[in-house]
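See below for data_28.txt, which holds compact mmCIF, C-alpha atoms and all ligand atoms.
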```txt
# COMPACT_ATOMS: atom_id res chain seq x y z
CA PHE A 30 102.98 235.75 92.34
CA GLU A 31 103.31 233.77 89.13
CA ARG A 32 100.24 231.76 90.18
CA MET A 33 98.32 234.89 91.16
CA GLY A 34 98.88 236.25 87.63
CA ARG A 35 97.19 233.22 86.11
CA LEU A 36 93.71 233.77 84.66
CA LYS A 37 91.11 232.04 86.82
CA SER A 38 87.50 231.54 85.90
CA PHE A 39 84.42 230.09 87.53
CA GLU A 40 81.55 228.91 85.40
CA MET A 41 78.47 226.99 86.41
CA PRO A 42 76.37 225.86 83.45
CA THR A 43 74.14 223.44 85.42
CA VAL A 44 70.74 224.38 86.86
CA VAL A 45 70.47 222.74 90.31
CA LYS A 46 67.06 221.60 91.59
CA HIS A 47 66.84 219.68 94.82
CA GLY A 48 64.53 218.58 97.60
CA ILE A 49 63.12 215.56 99.40
CA GLY A 50 60.74 213.66 97.08
CA VAL A 51 61.24 216.00 94.09
CA ILE A 52 62.06 213.14 91.73
CA LYS A 53 58.35 213.02 90.82
CA ASP A 54 58.89 216.30 88.92
CA ALA A 55 61.78 214.93 86.84
CA GLY A 56 59.70 214.24 83.72
CA GLN A 57 58.31 217.75 83.43
CA GLU A 58 61.72 219.27 84.15
CA VAL A 59 63.31 217.20 81.37
CA LYS A 60 60.47 218.09 79.01
CA ASN A 61 61.07 221.78 79.78
CA LEU A 62 64.53 221.34 78.25
CA GLY A 63 62.77 220.67 74.94
CA VAL A 64 63.47 216.95 74.89
CA ALA A 65 61.08 214.37 73.36
CA LYS A 66 63.04 211.07 73.63
CA VAL A 67 65.81 210.43 76.14
CA LEU A 68 68.47 207.80 76.53
CA LEU A 69 68.37 206.94 80.24
CA VAL A 70 71.87 205.91 81.30
CA THR A 71 72.26 203.79 84.44
CA ASP A 72 74.04 200.74 85.85
CA PRO A 73 72.59 197.23 86.41
CA GLY A 74 72.71 197.56 90.23
CA VAL A 75 70.82 200.86 90.29
CA ARG A 76 68.30 199.46 87.78
CA LYS A 77 67.74 196.27 89.81
CA MET A 78 67.10 198.28 92.97
CA GLY A 79 64.34 200.15 91.15
CA LEU A 80 65.99 203.56 91.59
CA ALA A 81 65.37 204.50 87.96
CA ASP A 82 61.66 203.55 88.16
CA PRO A 83 60.31 206.85 89.57
CA VAL A 84 62.31 208.71 86.91
CA ILE A 85 60.99 206.47 84.10
CA ASN A 86 57.41 206.84 85.38
CA SER A 87 57.70 210.59 85.68
CA LEU A 88 59.17 210.87 82.15
CA LYS A 89 56.34 208.78 80.72
CA GLU A 90 53.73 210.87 82.54
CA ALA A 91 55.25 213.96 80.93
CA ASN A 92 55.09 212.26 77.50
CA VAL A 93 58.86 211.98 77.18
CA ALA A 94 59.82 208.69 75.47
CA VAL A 95 62.51 206.63 77.26
CA VAL A 96 65.16 204.27 75.88
CA ILE A 97 67.06 202.49 78.65
CA PHE A 98 70.81 201.85 78.56
CA ASP A 99 71.64 200.01 81.79
CA GLN A 100 75.08 198.56 81.06
CA VAL A 101 77.29 201.09 82.86
CA GLU A 102 80.08 199.53 84.90
CA PRO A 103 82.35 201.07 87.58
CA ASN A 104 85.32 202.94 86.08
CA PRO A 105 83.37 203.06 82.76
CA SER A 106 85.37 202.29 79.65
CA ILE A 107 85.44 203.73 76.14
CA HIS A 108 83.65 200.55 75.00
CA ILE A 109 80.64 201.15 77.27
CA VAL A 110 80.48 204.73 76.03
CA ALA A 111 80.54 203.53 72.39
CA LYS A 112 77.66 201.11 73.09
CA GLY A 113 75.59 203.88 74.61
CA THR A 114 76.33 206.19 71.67
CA GLU A 115 75.17 203.53 69.23
CA MET A 116 71.92 203.08 71.15
CA TYR A 117 71.33 206.86 71.30
CA LEU A 118 71.82 207.26 67.54
CA GLN A 119 69.86 204.12 66.54
CA ASN A 120 66.87 205.28 68.57
CA LYS A 121 67.13 208.90 67.42
CA CYS A 122 67.16 210.25 70.97
CA ASP A 123 67.45 213.99 71.54
CA GLY A 124 68.48 214.13 75.18
CA LEU A 125 70.18 212.24 78.02
CA VAL A 126 69.19 211.42 81.59
CA ALA A 127 71.75 209.80 83.91
CA VAL A 128 70.50 207.98 87.02
CA GLY A 129 73.27 206.62 89.24
CA GLY A 130 76.67 207.46 90.67
CA GLY A 131 79.65 209.08 88.98
CA SER A 132 80.04 206.15 86.60
CA SER A 133 76.58 206.59 85.07
CA MET A 134 76.77 210.39 84.98
CA ASP A 135 80.24 210.36 83.37
CA THR A 136 79.13 207.76 80.80
CA ALA A 137 76.17 209.96 79.84
CA LYS A 138 78.45 212.99 79.45
CA ALA A 139 80.85 211.00 77.26
CA ILE A 140 77.97 209.65 75.12
CA GLY A 141 76.91 213.27 74.67
CA VAL A 142 80.43 214.17 73.45
CA GLU A 143 80.43 211.33 70.89
CA VAL A 144 76.94 212.11 69.64
CA VAL A 145 77.60 215.78 68.87
CA HIS A 146 81.15 215.41 67.58
CA GLY A 147 80.67 212.17 65.64
CA GLU A 148 84.01 210.90 66.98
CA PRO A 149 85.24 208.73 69.87
CA VAL A 150 85.44 210.52 73.22
CA LEU A 151 89.11 209.52 73.40
CA ASN A 152 89.88 212.20 70.79
CA TYR A 153 88.77 214.81 73.35
CA GLU A 154 90.94 213.68 76.28
CA CYS A 155 92.39 216.62 78.20
CA ALA A 156 95.94 216.03 77.03
CA GLU A 157 98.49 217.57 74.74
CA GLY A 158 97.84 216.88 71.09
CA LYS A 159 94.13 216.17 71.64
CA LYS A 160 91.28 218.41 70.51
CA PRO A 161 89.29 220.72 72.77
CA LEU A 162 85.53 220.11 72.88
CA ALA A 163 83.84 222.12 70.14
CA LYS A 164 80.13 221.52 70.70
CA ARG A 165 77.69 221.46 73.62
CA ILE A 166 76.42 217.97 74.47
CA PRO A 167 72.66 217.31 74.00
CA PRO A 168 70.43 218.32 76.96
CA LEU A 169 71.62 216.22 79.90
CA THR A 170 69.86 215.80 83.24
CA THR A 171 71.93 214.20 86.00
CA ILE A 172 70.13 212.43 88.86
CA PRO A 173 72.73 211.27 91.41
CA THR A 174 72.04 208.18 93.55
CA THR A 175 75.34 208.49 95.47
CA ALA A 176 76.55 211.52 97.43
CA GLY A 177 80.17 211.62 96.35
CA THR A 178 81.62 212.49 92.98
CA GLY A 179 79.68 215.70 92.40
CA SER A 180 79.64 214.76 88.70
CA GLU A 181 76.07 216.05 88.65
CA VAL A 182 77.54 219.58 88.54
CA THR A 183 81.19 219.16 87.54
CA GLN A 184 82.64 219.91 84.15
CA TRP A 185 84.40 216.57 84.01
CA ALA A 186 83.88 213.02 82.81
CA VAL A 187 86.36 210.32 83.81
CA ILE A 188 86.57 207.43 81.35
CA THR A 189 88.85 204.37 81.28
CA ASP A 190 91.01 203.48 78.30
CA PRO A 191 91.59 199.74 78.88
CA TYR A 192 94.39 199.57 76.29
CA ARG A 193 96.54 202.05 78.26
CA LYS A 194 95.03 200.97 81.63
CA PHE A 195 94.43 204.67 82.13
CA LYS A 196 91.53 206.80 83.33
CA PHE A 197 91.44 209.99 81.31
CA ASN A 198 89.51 213.25 81.76
CA VAL A 199 87.32 215.09 79.33
CA GLY A 200 86.34 218.51 80.52
CA GLY A 201 84.97 222.01 80.11
CA PRO A 202 81.64 223.82 80.34
CA LEU A 203 80.40 222.16 77.12
CA ILE A 204 80.23 218.77 78.86
CA ALA A 205 78.46 219.86 82.07
CA ALA A 206 74.86 218.74 82.65
CA HIS A 207 72.14 221.21 81.71
CA LEU A 208 70.12 220.29 84.77
CA THR A 209 70.58 218.22 87.90
CA ILE A 210 67.75 216.95 90.10
CA ILE A 211 68.99 215.95 93.53
CA ASP A 212 66.58 213.90 95.66
CA PRO A 213 68.01 212.33 98.83
CA GLU A 214 65.28 209.67 98.80
CA LEU A 215 67.27 207.98 96.03
CA HIS A 216 70.24 207.74 98.44
CA ILE A 217 68.52 205.79 101.21
CA SER A 218 69.33 202.41 99.64
CA MET A 219 73.10 203.04 99.70
CA PRO A 220 74.72 200.48 102.02
CA PRO A 221 77.07 201.87 104.72
CA ARG A 222 80.19 200.92 102.76
CA ILE A 223 79.16 202.93 99.66
CA THR A 224 77.86 205.79 101.85
CA ALA A 225 81.25 205.98 103.55
CA ALA A 226 83.40 205.75 100.44
CA THR A 227 81.41 208.24 98.37
CA GLY A 228 81.08 210.60 101.36
CA ILE A 229 84.84 210.72 101.93
CA ASP A 230 85.29 211.14 98.16
CA ALA A 231 83.19 214.32 98.46
CA LEU A 232 85.29 215.41 101.45
CA SER A 233 88.45 214.85 99.43
CA HIS A 234 87.10 217.07 96.61
CA ALA A 235 86.39 219.82 99.10
CA ILE A 236 89.77 219.54 100.88
CA GLU A 237 91.90 219.07 97.76
CA CYS A 238 90.15 221.85 95.83
CA TYR A 239 90.28 224.24 98.82
CA THR A 240 94.02 223.74 99.25
CA CYS A 241 95.18 223.28 95.63
CA HIS A 242 96.85 225.96 93.53
CA TYR A 243 93.67 226.57 91.53
CA ALA A 244 91.62 227.61 94.57
CA GLN A 245 89.76 230.92 94.34
CA PRO A 246 87.07 232.69 96.39
CA MET A 247 84.03 230.98 94.85
CA THR A 248 85.47 227.51 95.18
CA ASP A 249 86.79 228.20 98.69
CA ALA A 250 83.30 229.20 99.84
CA VAL A 251 81.53 226.09 98.61
CA ALA A 252 84.36 223.77 99.70
CA LEU A 253 84.24 224.99 103.30
CA LEU A 254 80.47 224.57 103.51
CA ALA A 255 80.77 221.06 102.04
CA MET A 256 83.28 220.18 104.80
CA GLU A 257 80.92 221.48 107.48
CA TYR A 258 78.02 219.41 106.12
CA ILE A 259 80.16 216.27 105.87
CA ALA A 260 81.45 216.66 109.44
CA LYS A 261 77.83 217.02 110.59
CA TYR A 262 76.09 214.38 108.49
CA LEU A 263 78.40 211.61 107.23
CA ARG A 264 78.53 209.59 110.46
CA ARG A 265 74.74 209.88 110.76
CA ALA A 266 74.07 208.76 107.17
CA TYR A 267 76.57 205.92 107.66
CA SER A 268 75.02 204.59 110.86
CA ASN A 269 71.38 205.09 109.82
CA GLY A 270 70.82 205.14 106.07
CA LYS A 271 67.18 206.13 106.55
CA ASP A 272 68.10 209.41 108.29
CA ILE A 273 66.73 211.60 105.48
CA GLU A 274 68.05 214.85 106.97
CA ALA A 275 71.58 213.38 106.98
CA ARG A 276 71.11 212.02 103.45
CA TYR A 277 69.97 215.46 102.25
CA GLY A 278 72.92 217.09 104.01
CA MET A 279 75.33 214.69 102.31
CA ALA A 280 73.66 215.18 98.90
CA LYS A 281 74.13 218.94 99.23
CA ALA A 282 77.70 218.46 100.43
CA ALA A 283 78.59 216.33 97.40
CA MET A 284 77.07 218.91 95.06
CA LEU A 285 78.93 221.78 96.76
CA ALA A 286 82.19 219.84 96.74
CA GLY A 287 81.60 219.17 93.03
CA LEU A 288 81.24 222.90 92.48
CA SER A 289 84.55 223.44 94.25
CA TYR A 290 86.17 221.65 91.35
CA GLY A 291 85.18 224.73 89.32
CA SER A 292 86.69 224.23 85.95
CA GLU A 293 89.97 223.01 87.45
CA SER A 294 91.10 219.88 89.30
CA ALA A 295 92.12 218.43 92.66
CA GLY A 296 95.48 217.14 93.98
CA ALA A 297 97.59 214.12 94.93
CA ALA A 298 94.81 211.90 96.38
CA HIS A 299 92.87 212.16 93.13
CA ALA A 300 96.00 211.75 91.02
CA MET A 301 96.66 208.44 92.81
CA ALA A 302 93.08 207.18 92.88
CA GLN A 303 92.56 207.89 89.21
CA THR A 304 95.86 206.22 88.32
CA LEU A 305 95.06 203.17 90.42
CA GLY A 306 91.50 202.89 89.04
CA GLY A 307 92.94 202.57 85.52
CA ILE A 308 95.27 199.72 86.54
CA ILE A 309 93.07 197.59 88.80
CA PRO A 310 89.29 197.63 89.40
CA VAL A 311 89.18 199.47 92.74
CA ALA A 312 86.14 201.48 93.85
CA HIS A 313 87.08 205.12 93.22
CA GLY A 314 85.61 206.50 96.45
CA GLU A 315 87.26 203.89 98.68
CA CYS A 316 90.56 204.42 97.00
CA VAL A 317 90.54 208.22 97.45
CA ALA A 318 89.26 207.80 101.00
CA ALA A 319 92.13 205.51 101.97
CA MET A 320 94.65 208.04 100.67
CA LEU A 321 93.17 211.31 101.90
CA GLY A 322 94.70 211.17 105.40
CA PRO A 323 98.25 210.33 104.24
CA VAL A 324 98.04 212.98 101.50
CA MET A 325 97.02 215.59 104.08
CA GLU A 326 99.85 214.48 106.36
CA TYR A 327 102.22 215.23 103.48
CA ASN A 328 100.48 218.44 102.35
CA TRP A 329 99.59 220.42 105.49
CA MET A 330 102.86 222.35 105.55
CA GLY A 331 102.20 223.63 102.00
CA GLU A 332 99.14 225.64 103.17
CA PRO A 333 99.13 225.67 107.00
CA GLU A 334 96.59 228.52 107.31
CA LYS A 335 94.14 226.74 105.06
CA PHE A 336 94.62 223.45 106.89
CA ALA A 337 93.86 225.23 110.17
CA ARG A 338 90.65 226.56 108.59
CA ILE A 339 89.76 222.98 107.50
CA ALA A 340 90.12 221.87 111.13
CA GLN A 341 87.59 224.55 112.11
CA ALA A 342 85.18 223.55 109.33
CA LEU A 343 85.37 219.99 110.60
CA GLY A 344 84.36 221.17 114.05
CA VAL A 345 87.73 221.24 115.84
CA ASN A 346 88.25 224.05 118.34
CA ILE A 347 91.62 225.49 117.32
CA HIS A 348 91.47 228.41 119.74
CA GLY A 349 94.87 228.92 121.38
CA LEU A 350 96.67 226.41 119.16
CA ALA A 351 99.86 227.37 117.31
CA LEU A 352 99.39 227.41 113.52
CA GLU A 353 101.29 224.16 113.03
CA GLU A 354 99.21 222.37 115.67
CA ALA A 355 95.95 223.74 114.23
CA ALA A 356 96.92 222.55 110.73
CA LYS A 357 97.83 219.10 112.03
CA ALA A 358 94.48 218.95 113.85
CA ALA A 359 92.76 218.88 110.43
CA VAL A 360 94.78 215.81 109.48
CA ARG A 361 93.93 214.06 112.76
CA GLU A 362 90.23 214.89 112.36
CA VAL A 363 90.11 213.38 108.87
CA TYR A 364 91.86 210.21 110.10
CA ARG A 365 89.24 210.00 112.87
CA LEU A 366 86.34 210.32 110.42
CA VAL A 367 87.86 207.79 108.00
CA LYS A 368 88.25 205.36 110.92
CA ASP A 369 84.69 205.93 112.21
CA VAL A 370 83.19 205.08 108.82
CA GLN A 371 85.51 202.09 108.46
CA ILE A 372 87.23 202.85 105.18
CA PRO A 373 89.32 199.80 104.21
CA THR A 374 93.04 200.29 103.72
CA LEU A 375 94.53 199.98 100.24
CA GLU A 376 95.87 196.57 101.26
CA GLN A 377 92.36 195.48 102.25
CA GLN A 378 91.14 196.78 98.88
CA GLY A 379 93.54 194.35 97.18
CA VAL A 380 96.33 196.76 96.26
CA PRO A 381 99.66 194.95 96.70
CA ALA A 382 102.48 196.88 98.39
CA ASP A 383 104.88 196.06 95.57
CA MET A 384 102.72 198.19 93.28
CA ILE A 385 103.78 201.38 95.11
CA PRO A 386 106.72 202.30 92.82
CA GLN A 387 104.57 201.95 89.67
CA LEU A 388 101.68 203.84 91.30
CA ALA A 389 104.04 206.66 92.37
CA GLU A 390 105.56 206.97 88.87
CA GLU A 391 102.18 207.06 87.15
CA ALA A 392 100.48 209.37 89.68
CA PHE A 393 103.33 211.86 89.28
CA LYS A 394 102.46 212.12 85.56
CA ASP A 395 98.76 212.71 86.29
CA PRO A 396 97.72 216.31 85.46
CA GLN A 397 96.24 216.73 88.97
CA THR A 398 99.75 216.59 90.46
CA VAL A 399 100.31 220.17 89.29
CA GLY A 400 97.61 221.53 91.61
CA ASN A 401 98.92 219.84 94.78
CA PRO A 402 99.56 222.43 97.54
CA ARG A 403 103.02 221.09 98.39
CA ASP A 404 105.54 220.31 95.65
CA ILE A 405 105.64 216.60 95.10
CA ASN A 406 107.85 214.21 93.15
CA VAL A 407 107.86 210.42 92.71
CA LYS A 408 109.57 209.97 96.10
CA GLY A 409 106.84 212.08 97.72
CA TYR A 410 104.18 209.83 96.25
CA GLU A 411 106.05 206.75 97.48
CA TRP A 412 106.17 208.27 100.98
CA ILE A 413 102.41 208.84 100.94
P1 LIG A 501 79.62 204.31 90.90
O1 LIG A 501 78.77 205.16 90.06
O2 LIG A 501 80.72 203.55 90.23
O3 LIG A 501 78.69 203.30 91.71
C1 LIG A 501 79.28 202.39 92.65
C2 LIG A 501 78.28 201.33 93.05
O4 LIG A 501 77.25 201.91 93.83
C3 LIG A 501 77.59 200.65 91.87
O5 LIG A 501 77.63 199.27 92.06
C4 LIG A 501 76.15 201.16 91.94
O6 LIG A 501 75.21 200.21 91.46
C5 LIG A 501 75.99 201.40 93.43
N1 LIG A 501 74.98 202.40 93.77
C6 LIG A 501 74.81 203.63 93.25
N2 LIG A 501 73.79 204.26 93.86
C7 LIG A 501 73.30 203.42 94.79
C8 LIG A 501 72.23 203.49 95.74
N3 LIG A 501 71.51 204.59 95.91
N4 LIG A 501 72.00 202.40 96.51
C9 LIG A 501 72.77 201.28 96.41
N5 LIG A 501 73.80 201.17 95.54
C10 LIG A 501 74.05 202.22 94.74
O7 LIG A 501 80.29 205.12 92.11
P2 LIG A 501 80.66 206.65 92.33
O8 LIG A 501 81.64 206.66 93.43
O9 LIG A 501 79.46 207.49 92.47
O10 LIG A 501 81.39 207.07 90.95
C11 LIG A 501 82.75 206.74 90.71
C12 LIG A 501 83.19 207.19 89.33
O11 LIG A 501 83.05 208.63 89.20
C13 LIG A 501 84.65 206.87 89.07
O12 LIG A 501 84.84 206.40 87.75
C14 LIG A 501 85.34 208.21 89.27
O13 LIG A 501 86.57 208.31 88.57
C15 LIG A 501 84.31 209.16 88.75
N6 LIG A 501 84.42 210.55 89.22
C16 LIG A 501 83.96 211.52 88.41
C17 LIG A 501 84.04 212.84 88.77
C18 LIG A 501 83.54 213.91 87.85
O14 LIG A 501 83.66 215.08 88.16
N7 LIG A 501 83.01 213.56 86.72
C19 LIG A 501 84.57 213.19 90.02
C20 LIG A 501 85.03 212.18 90.85
C21 LIG A 501 84.95 210.86 90.45
```
Would you mind writing the file's structure down as structure tokens?
Ligand code: NAD
Amino acid sequence: FERMGRLKSFEMPTVVKHGIGVIKDAGQEVKNLGVAKVLLVTDPGVRKMGLADPVINSLKEANVAVVIFDQVEPNPSIHIVAKGTEMYLQNKCDGLVAVGGGSSMDTAKAIGVEVVHGEPVLNYECAEGKKPLAKRIPPLTTIPTTAGTGSEVTQWAVITDPYRKFKFNVGGPLIAAHLTIIDPELHISMPPRITAATGIDALSHAIECYTCHYAQPMTDAVALLAMEYIAKYLRRAYSNGKDIEARYGMAKAAMLAGLSYGSESAGAAHAMAQTLGGIIPVAHGECVAAMLGPVMEYNWMGEPEKFARIAQALGVNIHGLALEEAAKAAVREVYRLVKDVQIPTLEQQGVPADMIPQLAEEAFKDPQTVGNPRDINVKGYEWI
């Protein structure tokens, strides 16, 4: 009852435009936001593959000037953000376009925070003693090239502070993109390993947000649909990257799962992945994906009805099963999917077993622990 008395809100500041081949319209769409010169934020891999080229061409055709910042790295740090901010200010840009995965989109959001506040993004970490965001970032268009983080529509940016070896969050409606353009043709080049990791990351958003204490009707609705899409399309996108229908399905799933974040957060799998990503350079999606099954095995008894509903969304026939069995079926189904798309274990990702006590301690302190559907302490994290 205490939780039910808590004020919940759902806000969605981002206009979503999507379709196969729609990237050709990006320039005009950005221009319609009233922007004359953008900083295009991307990473070297995405740039090398030519994924930013159609965006750059379309911007030029619409007479929008483009300055390219292509130095984003995975788990982007405060230093990368500062470099981007400098480039934005030096070139007198008046808008941002992010082309890439969560790392590029989060970097662009954080650059936006620094530009309008005139201060390092670290001052706006979601933490006690830090300031809330005061100003809207400049017009930002997100163009995702992975189907995973949902950062194209979320109200979060995740940035690494290398001094504390800590990934911190900056959040709220003021940081959300103004516009996202989702074109699955930009996802075709993803190799199976990235398709799998980012796809299970999206699934983990949907499952953790659907079952966490912040869940509410709007986020429940989009989370369940995201699960259905992922059950239908992830294996297909993984085994045939050119399957455009599956790519489109996964792109929509990632966006919907991003919306299920609402203005809140996820649970234990994200608390651990974010903690780990600050300590060693693991790929976020792979890390979450390796932990989703064990987290669900721990959590199902906290929300058995909802776990039974997850089983259904994933395509399991739960007719005639007792509640406990139906809830456990969701856990089994996720393990099956994770196995089919060959997610490496944490050990295979280079995480040593003797790091578990440190990881458990740190994850317990992560703000996302509070939302976990079953109470959890350091021992619980060690068990997972
Ligand atoms: P990423 O952006 O780090 O990219 C991973 C790799 O994929 C890069 O090497 C990139 O070059 C490559 N890549 C991207 N698109 C490709 C394509 N189409 N073809 C081939 N290669 C491609 O990965 P990500 O998983 O999208 O983002 C992870 C980051 O997002 C983490 O820092 C995580 O903490 C953060 N995150 C943010 C939110 C949010 O709401 N803001 C939510 C979850 C995670």
Self-check item: Residues near Thr136 in chain A, cut-off 12 Å, only C-alpha atoms, skip fewer than 6 positions along chain, as a PyMOL selection string
Solution: chain A and resi 68-72+98-114+125-130+142-143+150+169+171+180-181+185-189+198-199+204+206
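Interatomic distance, atom O9 of ligand LIG 501 (chain A) to CA of Gln245 in chain A: 25.7 Å.
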Quiz item: So which residues touch Tyr364 in chain A within 12 Å, counting all atoms listed in the file, skipping near sequence neighbours fewer than 2 positions away, as an NGL selection string?
Solution: :A and (229 or 318-326 or 340 or 343 or 357-362 or 366-372 or 374)
Practice problem: Name the residues, by chain letter and number, that sit within 8 Å of ligand LIG 501 (chain A) using all atoms listed in the file, and give them as JSON, numbers by chain. | Solution: {"A": [72, 73, 74, 75, 76, 78, 80, 102, 103, 104, 105, 129, 130, 131, 132, 133, 134, 135, 173, 174, 175, 176, 177, 178, 179, 180, 181, 182, 183, 184, 185, 186, 187, 188, 189, 196, 215, 216, 217, 218, 219, 220, 223, 226, 227, 230, 234, 287, 290, 302, 303, 306, 312, 313, 314]}
Could you write out the selected residues, including C-alpha atoms, as a PDB file, in the coordinates of the input?
```pdb
ATOM      1  CA  ASP A  72      74.040 200.740  85.850  1.00  0.00           C
ATOM      2  CA  PRO A  73      72.590 197.230  86.410  1.00  0.00           C
ATOM      3  CA  GLY A  74      72.710 197.560  90.230  1.00  0.00           C
ATOM      4  CA  VAL A  75      70.820 200.860  90.290  1.00  0.00           C
ATOM      5  CA  ARG A  76      68.300 199.460  87.780  1.00  0.00           C
ATOM      6  CA  MET A  78      67.100 198.280  92.970  1.00  0.00           C
ATOM      7  CA  LEU A  80      65.990 203.560  91.590  1.00  0.00           C
ATOM      8  CA  GLU A 102      80.080 199.530  84.900  1.00  0.00           C
ATOM      9  CA  PRO A 103      82.350 201.070  87.580  1.00  0.00           C
ATOM     10  CA  ASN A 104      85.320 202.940  86.080  1.00  0.00           C
ATOM     11  CA  PRO A 105      83.370 203.060  82.760  1.00  0.00           C
ATOM     12  CA  GLY A 129      73.270 206.620  89.240  1.00  0.00           C
ATOM     13  CA  GLY A 130      76.670 207.460  90.670  1.00  0.00           C
ATOM     14  CA  GLY A 131      79.650 209.080  88.980  1.00  0.00           C
ATOM     15  CA  SER A 132      80.040 206.150  86.600  1.00  0.00           C
ATOM     16  CA  SER A 133      76.580 206.590  85.070  1.00  0.00           C
ATOM     17  CA  MET A 134      76.770 210.390  84.980  1.00  0.00           C
ATOM     18  CA  ASP A 135      80.240 210.360  83.370  1.00  0.00           C
ATOM     19  CA  PRO A 173      72.730 211.270  91.410  1.00  0.00           C
ATOM     20  CA  THR A 174      72.040 208.180  93.550  1.00  0.00           C
ATOM     21  CA  THR A 175      75.340 208.490  95.470  1.00  0.00           C
ATOM     22  CA  ALA A 176      76.550 211.520  97.430  1.00  0.00           C
ATOM     23  CA  GLY A 177      80.170 211.620  96.350  1.00  0.00           C
ATOM     24  CA  THR A 178      81.620 212.490  92.980  1.00  0.00           C
ATOM     25  CA  GLY A 179      79.680 215.700  92.400  1.00  0.00           C
ATOM     26  CA  SER A 180      79.640 214.760  88.700  1.00  0.00           C
ATOM     27  CA  GLU A 181      76.070 216.050  88.650  1.00  0.00           C
ATOM     28  CA  VAL A 182      77.540 219.580  88.540  1.00  0.00           C
ATOM     29  CA  THR A 183      81.190 219.160  87.540  1.00  0.00           C
ATOM     30  CA  GLN A 184      82.640 219.910  84.150  1.00  0.00           C
ATOM     31  CA  TRP A 185      84.400 216.570  84.010  1.00  0.00           C
ATOM     32  CA  ALA A 186      83.880 213.020  82.810  1.00  0.00           C
ATOM     33  CA  VAL A 187      86.360 210.320  83.810  1.00  0.00           C
ATOM     34  CA  ILE A 188      86.570 207.430  81.350  1.00  0.00           C
ATOM     35  CA  THR A 189      88.850 204.370  81.280  1.00  0.00           C
ATOM     36  CA  LYS A 196      91.530 206.800  83.330  1.00  0.00           C
ATOM     37  CA  LEU A 215      67.270 207.980  96.030  1.00  0.00           C
ATOM     38  CA  HIS A 216      70.240 207.740  98.440  1.00  0.00           C
ATOM     39  CA  ILE A 217      68.520 205.790 101.210  1.00  0.00           C
ATOM     40  CA  SER A 218      69.330 202.410  99.640  1.00  0.00           C
ATOM     41  CA  MET A 219      73.100 203.040  99.700  1.00  0.00           C
ATOM     42  CA  PRO A 220      74.720 200.480 102.020  1.00  0.00           C
ATOM     43  CA  ILE A 223      79.160 202.930  99.660  1.00  0.00           C
ATOM     44  CA  ALA A 226      83.400 205.750 100.440  1.00  0.00           C
ATOM     45  CA  THR A 227      81.410 208.240  98.370  1.00  0.00           C
ATOM     46  CA  ASP A 230      85.290 211.140  98.160  1.00  0.00           C
ATOM     47  CA  HIS A 234      87.100 217.070  96.610  1.00  0.00           C
ATOM     48  CA  GLY A 287      81.600 219.170  93.030  1.00  0.00           C
ATOM     49  CA  TYR A 290      86.170 221.650  91.350  1.00  0.00           C
ATOM     50  CA  ALA A 302      93.080 207.180  92.880  1.00  0.00           C
ATOM     51  CA  GLN A 303      92.560 207.890  89.210  1.00  0.00           C
ATOM     52  CA  GLY A 306      91.500 202.890  89.040  1.00  0.00           C
ATOM     53  CA  ALA A 312      86.140 201.480  93.850  1.00  0.00           C
ATOM     54  CA  HIS A 313      87.080 205.120  93.220  1.00  0.00           C
ATOM     55  CA  GLY A 314      85.610 206.500  96.450  1.00  0.00           C
TER      56      GLY A 314
END
```
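For range 61-67 of chain A, the residues within 9 Å (counting only C-alpha atoms, excluding itself and residues fewer than 3 positions away along the chain) are Gly56, Gln57, Glu58, Leu88, Asn92, Val93, Ala94, Val95, Val96, Ile97, Tyr117, Asn120, Lys121, Cys122, Asp123, Gly124, Leu125, Val126, Pro168, Leu169, His207 and Leu208 of chain A.
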Could those residues be written to a file, using C-alpha atoms, as a PDB file, in the coordinates of the input?
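Dumped everything to again-v8.pdb:
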```
ATOM      1  CA  GLY A  56      59.700 214.240  83.720  1.00  0.00           C
ATOM      2  CA  GLN A  57      58.310 217.750  83.430  1.00  0.00           C
ATOM      3  CA  GLU A  58      61.720 219.270  84.150  1.00  0.00           C
ATOM      4  CA  LEU A  88      59.170 210.870  82.150  1.00  0.00           C
ATOM      5  CA  ASN A  92      55.090 212.260  77.500  1.00  0.00           C
ATOM      6  CA  VAL A  93      58.860 211.980  77.180  1.00  0.00           C
ATOM      7  CA  ALA A  94      59.820 208.690  75.470  1.00  0.00           C
ATOM      8  CA  VAL A  95      62.510 206.630  77.260  1.00  0.00           C
ATOM      9  CA  VAL A  96      65.160 204.270  75.880  1.00  0.00           C
ATOM     10  CA  ILE A  97      67.060 202.490  78.650  1.00  0.00           C
ATOM     11  CA  TYR A 117      71.330 206.860  71.300  1.00  0.00           C
ATOM     12  CA  ASN A 120      66.870 205.280  68.570  1.00  0.00           C
ATOM     13  CA  LYS A 121      67.130 208.900  67.420  1.00  0.00           C
ATOM     14  CA  CYS A 122      67.160 210.250  70.970  1.00  0.00           C
ATOM     15  CA  ASP A 123      67.450 213.990  71.540  1.00  0.00           C
ATOM     16  CA  GLY A 124      68.480 214.130  75.180  1.00  0.00           C
ATOM     17  CA  LEU A 125      70.180 212.240  78.020  1.00  0.00           C
ATOM     18  CA  VAL A 126      69.190 211.420  81.590  1.00  0.00           C
ATOM     19  CA  PRO A 168      70.430 218.320  76.960  1.00  0.00           C
ATOM     20  CA  LEU A 169      71.620 216.220  79.900  1.00  0.00           C
ATOM     21  CA  HIS A 207      72.140 221.210  81.710  1.00  0.00           C
ATOM     22  CA  LEU A 208      70.120 220.290  84.770  1.00  0.00           C
TER      23      LEU A 208
END
```
